[in-house]
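First comes the structure, then the notes that go with it.
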Amino acid sequence: MTGILNIQFKPTIGNKEINLKKVEHYIKKNADKKLDLVVLPEFFSTGVNHESFLNDYEDENGGDTIKTVCELAKKYNTNIIAGTVIEGVNDKLYNTSFAINRNGEILDKYRKIHLFNYMGGTEGDRITPGDRLVVVDFDFGKVGLAICFDMRYPLHYKKLAQMGADIIVLPTAWIVPNEVYEDSESLKFAQSTWEAMNKTRAYDNLLYVVSCNQCGKVNDDMGRIGHSMIVAPTTQVLANAKDEQGAVYADVDLEIVKYYKSIYPIAKID
């Protein structure tokens, strides 16, 4: 079995020190479990803060933020998908997820391909899209990387499955307008839609999906929907953080992925 810890919290805008302390708090709190993979949200160190993105980005190795996460991976003997940080390279900014092993080494990184440029979103005004799909070969299995709005692109997930992914991890800061966030029925609908997308990506590709979100209100204009989850290939939700800060854990059986792929060769079709 493979143990996955999915951390959901409300980052303090622009305060990397406090946010990194929160990350360690939740890892330490669950250190008695079998930690094969820890997943952090999109913008885990900064929160959703466009001004910070422009003025306080990291270098191509993730700067001090990823250096600290590497130290945590080694300290707690776990692999980590370090949500995302804004990476600055040659006058371009990327929204980048780092994959780190138990020795505190960066194995690979994925730059978000599908930027949120719709319904008022302006991510593409600041961020350059990536151009490479990434599947990381960890010591327990193969993990495909996606970020936030990539969820809306089923073929992105299928390609990762075809590349051999057993699990697809999606750090996200999935937000809704304030009028949705503050209306219980509208928020419930948005969260059920989010859960349906997670289940569909897992079922269509016969693998585990781990989505790791922020929670809580961002500002007077928008809020985060939470509901970080770990979903099995059967669509069973093994863990769901709902609306609260905290970490949820699940043991996943990657032999199930191999079994389903052997009888339903989905990744080989089309």
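Residue numbering restarts at 1 for every chain of the structure tokens, chains are lettered A, B, ... in their displayed order, and ligands are numbered from 1 as they appear.
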| message | With only C-alpha atoms as the counted atoms, please give the residues lying no more than 6 Å from region 199-205 of chain A, apart from itself and same-chain residues fewer than 2 positions off, as number ranges by chain. | response | A: 196-197, 207-209, 233-235
Using the selection just defined, write its residues with N, CA and C atoms as a PDB file, in the first residue's frame.
ATOM      1  N   ALA A 196     -17.293  15.757  -9.065  1.00  0.00           N
ATOM      2  CA  ALA A 196     -17.614  14.981 -10.266  1.00  0.00           C
ATOM      3  C   ALA A 196     -16.448  14.958 -11.247  1.00  0.00           C
ATOM      4  N   MET A 197     -15.761  16.099 -11.401  1.00  0.00           N
ATOM      5  CA  MET A 197     -14.606  16.142 -12.295  1.00  0.00           C
ATOM      6  C   MET A 197     -13.492  15.234 -11.790  1.00  0.00           C
ATOM      7  N   LEU A 207      -7.034   5.283 -12.734  1.00  0.00           N
ATOM      8  CA  LEU A 207      -5.927   5.590 -11.829  1.00  0.00           C
ATOM      9  C   LEU A 207      -6.443   6.412 -10.651  1.00  0.00           C
ATOM     10  N   TYR A 208      -5.570   6.698  -9.707  1.00  0.00           N
ATOM     11  CA  TYR A 208      -5.931   7.530  -8.564  1.00  0.00           C
ATOM     12  C   TYR A 208      -5.737   8.998  -8.921  1.00  0.00           C
ATOM     13  N   VAL A 209      -6.634   9.823  -8.441  1.00  0.00           N
ATOM     14  CA  VAL A 209      -6.514  11.274  -8.606  1.00  0.00           C
ATOM     15  C   VAL A 209      -6.431  11.917  -7.222  1.00  0.00           C
ATOM     16  N   PRO A 233      -9.694   4.642  -8.651  1.00  0.00           N
ATOM     17  CA  PRO A 233     -10.121   4.398 -10.035  1.00  0.00           C
ATOM     18  C   PRO A 233     -11.597   4.016 -10.151  1.00  0.00           C
ATOM     19  N   THR A 234     -12.172   3.515  -9.069  1.00  0.00           N
ATOM     20  CA  THR A 234     -13.586   3.125  -9.052  1.00  0.00           C
ATOM     21  C   THR A 234     -14.515   4.305  -8.814  1.00  0.00           C
ATOM     22  N   THR A 235     -13.979   5.488  -8.613  1.00  0.00           N
ATOM     23  CA  THR A 235     -14.637   6.754  -8.267  1.00  0.00           C
ATOM     24  C   THR A 235     -14.925   6.881  -6.773  1.00  0.00           C
TER      25      THR A 235
END
| query | When DSSP works through the backbone of this structure, what residues of region 10-245 of chain A end up as alpha helix (DSSP H), shown as an MDAnalysis selection string? | reply | chainID A and resid 16:29 50:55 63:75 123:126 154:162 178:181 184:205
Can you check which parts of region 242-261 of chain A lie within 9 Å of region 22-32 of chain A? Per residue, the shortest pair of atoms and distance in Å to one decimal, counting only C-alpha atoms, sorted by chain and number, as JSON lines.
{"residue": "A:Gly246", "atom": "CA", "partner": "A:Tyr26", "partner_atom": "CA", "distance": 6.9}
{"residue": "A:Ala247", "atom": "CA", "partner": "A:Tyr26", "partner_atom": "CA", "distance": 6.3}
{"residue": "A:Tyr249", "atom": "CA", "partner": "A:Asn30", "partner_atom": "CA", "distance": 8.6}
What does the file look like for those residues with C-alpha atoms, as a PDB file, in the first residue's frame?
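Printed below is selection_36.pdb as written:
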ATOM      1  CA  GLY A 246      -6.036  20.218   7.787  1.00  0.00           C
ATOM      2  CA  ALA A 247      -4.633  17.115   6.170  1.00  0.00           C
ATOM      3  CA  TYR A 249      -4.749  10.640   4.510  1.00  0.00           C
TER       4      TYR A 249
END
Listing only residues of region 14-103 of chain A within 10 Å of region 3-6 of chain A, what is the closest atom pair and its distance in Å (to one decimal) for each, using only C-alpha atoms, sorted by chain and residue number ascending, as a Markdown table?
| residue | atom | partner | partner_atom | distance |
| --- | --- | --- | --- | --- |
| A:Tyr26 | CA | A:Leu5 | CA | 9.1 |
| A:Ile27 | CA | A:Leu5 | CA | 8.0 |
| A:Asn30 | CA | A:Leu5 | CA | 8.0 |
| A:Ala31 | CA | A:Leu5 | CA | 9.9 |
| A:Lys33 | CA | A:Gly3 | CA | 7.5 |
| A:Lys34 | CA | A:Gly3 | CA | 5.2 |
| A:Leu35 | CA | A:Gly3 | CA | 5.2 |
| A:Asp36 | CA | A:Gly3 | CA | 5.1 |
| A:Leu37 | CA | A:Ile4 | CA | 4.9 |
| A:Val38 | CA | A:Leu5 | CA | 4.7 |
| A:Val39 | CA | A:Asn6 | CA | 5.0 |
| A:Leu40 | CA | A:Asn6 | CA | 6.8 |
| A:Pro41 | CA | A:Asn6 | CA | 8.7 |
| A:Thr78 | CA | A:Ile4 | CA | 9.7 |
| A:Asn79 | CA | A:Ile4 | CA | 9.6 |
| A:Ile80 | CA | A:Leu5 | CA | 9.4 |
| A:Ile81 | CA | A:Asn6 | CA | 9.9 |
For the selection you just gave me, I'd like the residues written to a file as a compact mmCIF listing (two decimals), in the first residue's frame, keeping all heavy atoms.
# COMPACT_ATOMS: atom_id res chain seq x y z
N TYR A 26 1.47 20.20 9.59
CA TYR A 26 0.59 19.10 9.16
C TYR A 26 1.37 17.83 8.84
O TYR A 26 0.87 16.72 9.05
CB TYR A 26 -0.26 19.55 7.98
CG TYR A 26 -1.31 20.56 8.36
CD1 TYR A 26 -1.31 21.84 7.80
CD2 TYR A 26 -2.28 20.27 9.31
CE1 TYR A 26 -2.25 22.78 8.16
CE2 TYR A 26 -3.23 21.21 9.68
CZ TYR A 26 -3.22 22.46 9.11
OH TYR A 26 -4.16 23.39 9.47
N ILE A 27 2.59 17.98 8.33
CA ILE A 27 3.40 16.79 8.09
C ILE A 27 3.79 16.16 9.43
O ILE A 27 3.65 14.94 9.63
CB ILE A 27 4.66 17.13 7.27
CG1 ILE A 27 4.28 17.64 5.88
CG2 ILE A 27 5.55 15.88 7.14
CD1 ILE A 27 5.47 18.08 5.05
N ASN A 30 1.20 14.18 11.22
CA ASN A 30 0.88 12.89 10.61
C ASN A 30 2.10 12.01 10.39
O ASN A 30 2.06 11.04 9.63
CB ASN A 30 0.18 13.12 9.26
CG ASN A 30 -1.21 13.71 9.43
OD1 ASN A 30 -2.18 12.98 9.61
ND2 ASN A 30 -1.30 15.03 9.37
N ALA A 31 3.19 12.33 11.09
CA ALA A 31 4.45 11.62 10.88
C ALA A 31 4.41 10.17 11.34
O ALA A 31 5.29 9.38 10.98
CB ALA A 31 5.59 12.36 11.59
N LYS A 33 2.21 8.13 10.38
CA LYS A 33 1.62 7.37 9.28
C LYS A 33 2.68 6.99 8.26
O LYS A 33 3.82 7.47 8.30
CB LYS A 33 0.51 8.18 8.62
CG LYS A 33 -0.65 8.53 9.54
CD LYS A 33 -1.69 9.35 8.80
CE LYS A 33 -2.91 9.61 9.66
NZ LYS A 33 -2.60 10.49 10.80
N LYS A 34 2.33 6.15 7.33
CA LYS A 34 3.22 5.74 6.25
C LYS A 34 3.17 6.84 5.18
O LYS A 34 2.29 6.84 4.33
CB LYS A 34 2.78 4.39 5.68
CG LYS A 34 3.71 3.81 4.62
CD LYS A 34 3.21 2.42 4.22
CE LYS A 34 4.20 1.75 3.26
NZ LYS A 34 4.22 2.40 1.93
N LEU A 35 4.13 7.73 5.23
CA LEU A 35 4.11 8.87 4.32
C LEU A 35 4.96 8.59 3.08
O LEU A 35 6.17 8.83 3.06
CB LEU A 35 4.62 10.13 5.04
CG LEU A 35 3.80 10.62 6.22
CD1 LEU A 35 4.40 11.91 6.78
CD2 LEU A 35 2.34 10.84 5.84
N ASP A 36 4.30 8.10 2.05
CA ASP A 36 5.00 7.89 0.78
C ASP A 36 4.93 9.13 -0.11
O ASP A 36 5.82 9.38 -0.91
CB ASP A 36 4.39 6.70 0.03
CG ASP A 36 4.65 5.39 0.75
OD1 ASP A 36 5.84 5.09 1.00
OD2 ASP A 36 3.69 4.69 1.09
N LEU A 37 3.85 9.88 0.04
CA LEU A 37 3.69 11.09 -0.77
C LEU A 37 2.89 12.13 0.01
O LEU A 37 1.83 11.84 0.55
CB LEU A 37 2.96 10.77 -2.07
CG LEU A 37 2.74 11.95 -3.03
CD1 LEU A 37 4.09 12.48 -3.54
CD2 LEU A 37 1.86 11.55 -4.21
N VAL A 38 3.43 13.34 0.05
CA VAL A 38 2.73 14.49 0.62
C VAL A 38 2.45 15.47 -0.51
O VAL A 38 3.33 15.74 -1.34
CB VAL A 38 3.58 15.17 1.72
CG1 VAL A 38 2.92 16.48 2.16
CG2 VAL A 38 3.78 14.24 2.90
N VAL A 39 1.23 15.99 -0.55
CA VAL A 39 0.83 16.91 -1.62
C VAL A 39 0.44 18.26 -1.02
O VAL A 39 -0.30 18.32 -0.05
CB VAL A 39 -0.34 16.33 -2.44
CG1 VAL A 39 -0.66 17.26 -3.61
CG2 VAL A 39 0.01 14.93 -2.97
N LEU A 40 0.95 19.33 -1.64
CA LEU A 40 0.67 20.70 -1.20
C LEU A 40 -0.13 21.44 -2.26
O LEU A 40 -0.04 21.13 -3.45
CB LEU A 40 1.98 21.45 -0.94
CG LEU A 40 3.00 20.76 -0.04
CD1 LEU A 40 4.25 21.64 0.11
CD2 LEU A 40 2.41 20.44 1.32
N PRO A 41 -0.90 22.47 -1.88
CA PRO A 41 -1.75 23.18 -2.85
C PRO A 41 -0.97 24.09 -3.79
O PRO A 41 0.20 24.41 -3.56
CB PRO A 41 -2.68 24.02 -1.95
CG PRO A 41 -2.46 23.54 -0.56
CD PRO A 41 -1.10 22.94 -0.51
N THR A 78 9.85 11.48 3.25
CA THR A 78 8.69 11.38 2.37
C THR A 78 8.96 12.07 1.04
O THR A 78 9.79 12.98 0.95
CB THR A 78 7.44 12.02 3.02
OG1 THR A 78 6.32 11.81 2.17
CG2 THR A 78 7.63 13.51 3.27
N ASN A 79 8.27 11.62 0.01
CA ASN A 79 8.26 12.32 -1.27
C ASN A 79 7.22 13.43 -1.18
O ASN A 79 6.20 13.30 -0.49
CB ASN A 79 7.88 11.36 -2.40
CG ASN A 79 8.82 10.16 -2.49
OD1 ASN A 79 9.95 10.28 -2.93
ND2 ASN A 79 8.34 9.00 -2.06
N ILE A 80 7.47 14.53 -1.88
CA ILE A 80 6.55 15.67 -1.83
C ILE A 80 6.30 16.23 -3.23
O ILE A 80 7.25 16.41 -4.00
CB ILE A 80 7.09 16.80 -0.92
CG1 ILE A 80 7.27 16.31 0.52
CG2 ILE A 80 6.15 18.01 -0.95
CD1 ILE A 80 7.85 17.37 1.47
N ILE A 81 5.02 16.49 -3.53
CA ILE A 81 4.68 17.33 -4.68
C ILE A 81 4.46 18.72 -4.10
O ILE A 81 3.46 18.97 -3.41
CB ILE A 81 3.42 16.85 -5.41
CG1 ILE A 81 3.60 15.42 -5.94
CG2 ILE A 81 3.07 17.81 -6.55
CD1 ILE A 81 4.67 15.27 -6.99
| request: Find the residue from A:Leu254, A:Ile263, A:Leu20, A:Val48 that sits nearest to Asp64 (chain A); use only C-alpha atoms when measuring. | output: A:Leu20
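Minimum atom-to-atom distance to Cys148 (chain A), evaluated using only C-alpha atoms, belongs to A:Phe43 out of A:Phe43, A:Tyr260, A:Tyr76, A:Tyr57.
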| said: List as a VMD selection string the protein and nucleic acid residues near region 171-182 of chain A, meaning an atom at most 7 Å away when only C-alpha atoms are counted, but skip any in the same chain fewer than 4 places from it. | reply: chain A and resid 40 to 42 83 147 to 148 186 to 187 211 to 214 220 to 225
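Proximity ranking of A:Ile256, A:Lys21, A:Gly226, A:Glu71 relative to Gln8 (chain A) places A:Gly226 first, based on only C-alpha atoms.
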| task | Kindly indicate which residue among A:Lys112, A:His156, A:Lys92, A:His227 lies nearest to Asp131 (chain A), using only C-alpha atoms for the distances. | result |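 Of A:Lys112, A:His156, A:Lys92, A:His227, the one nearest Asp131 (chain A) is A:Lys112, counting only C-alpha atoms.
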| message | I need the residues of region 2-244 of chain A that end up classed as strand (DSSP E) by DSSP on the backbone, written out as a ChimeraX atom specification. | response | /A:2-8,37-39,79-89,92-100,106-111,135-137,142-145,167-171,175-177,208-212,215-217,222-225,229-231,237-240
| query | With only C-alpha atoms as the atoms that count, which of A:Tyr110, A:Tyr153, A:Tyr94, A:Phe140 lies nearest to Ile127 (chain A)? | reply |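 Distance minimum relative to Ile127 (chain A) lands on A:Tyr94.
Residues surrounding Ala161 (chain A) within 9 Å are Val135, Gly144, Ile167, Ile168, Asn205, Leu206, Leu207, Ile266 and Ala267 of chain A [only C-alpha atoms; sequence separation below 6 positions excluded].
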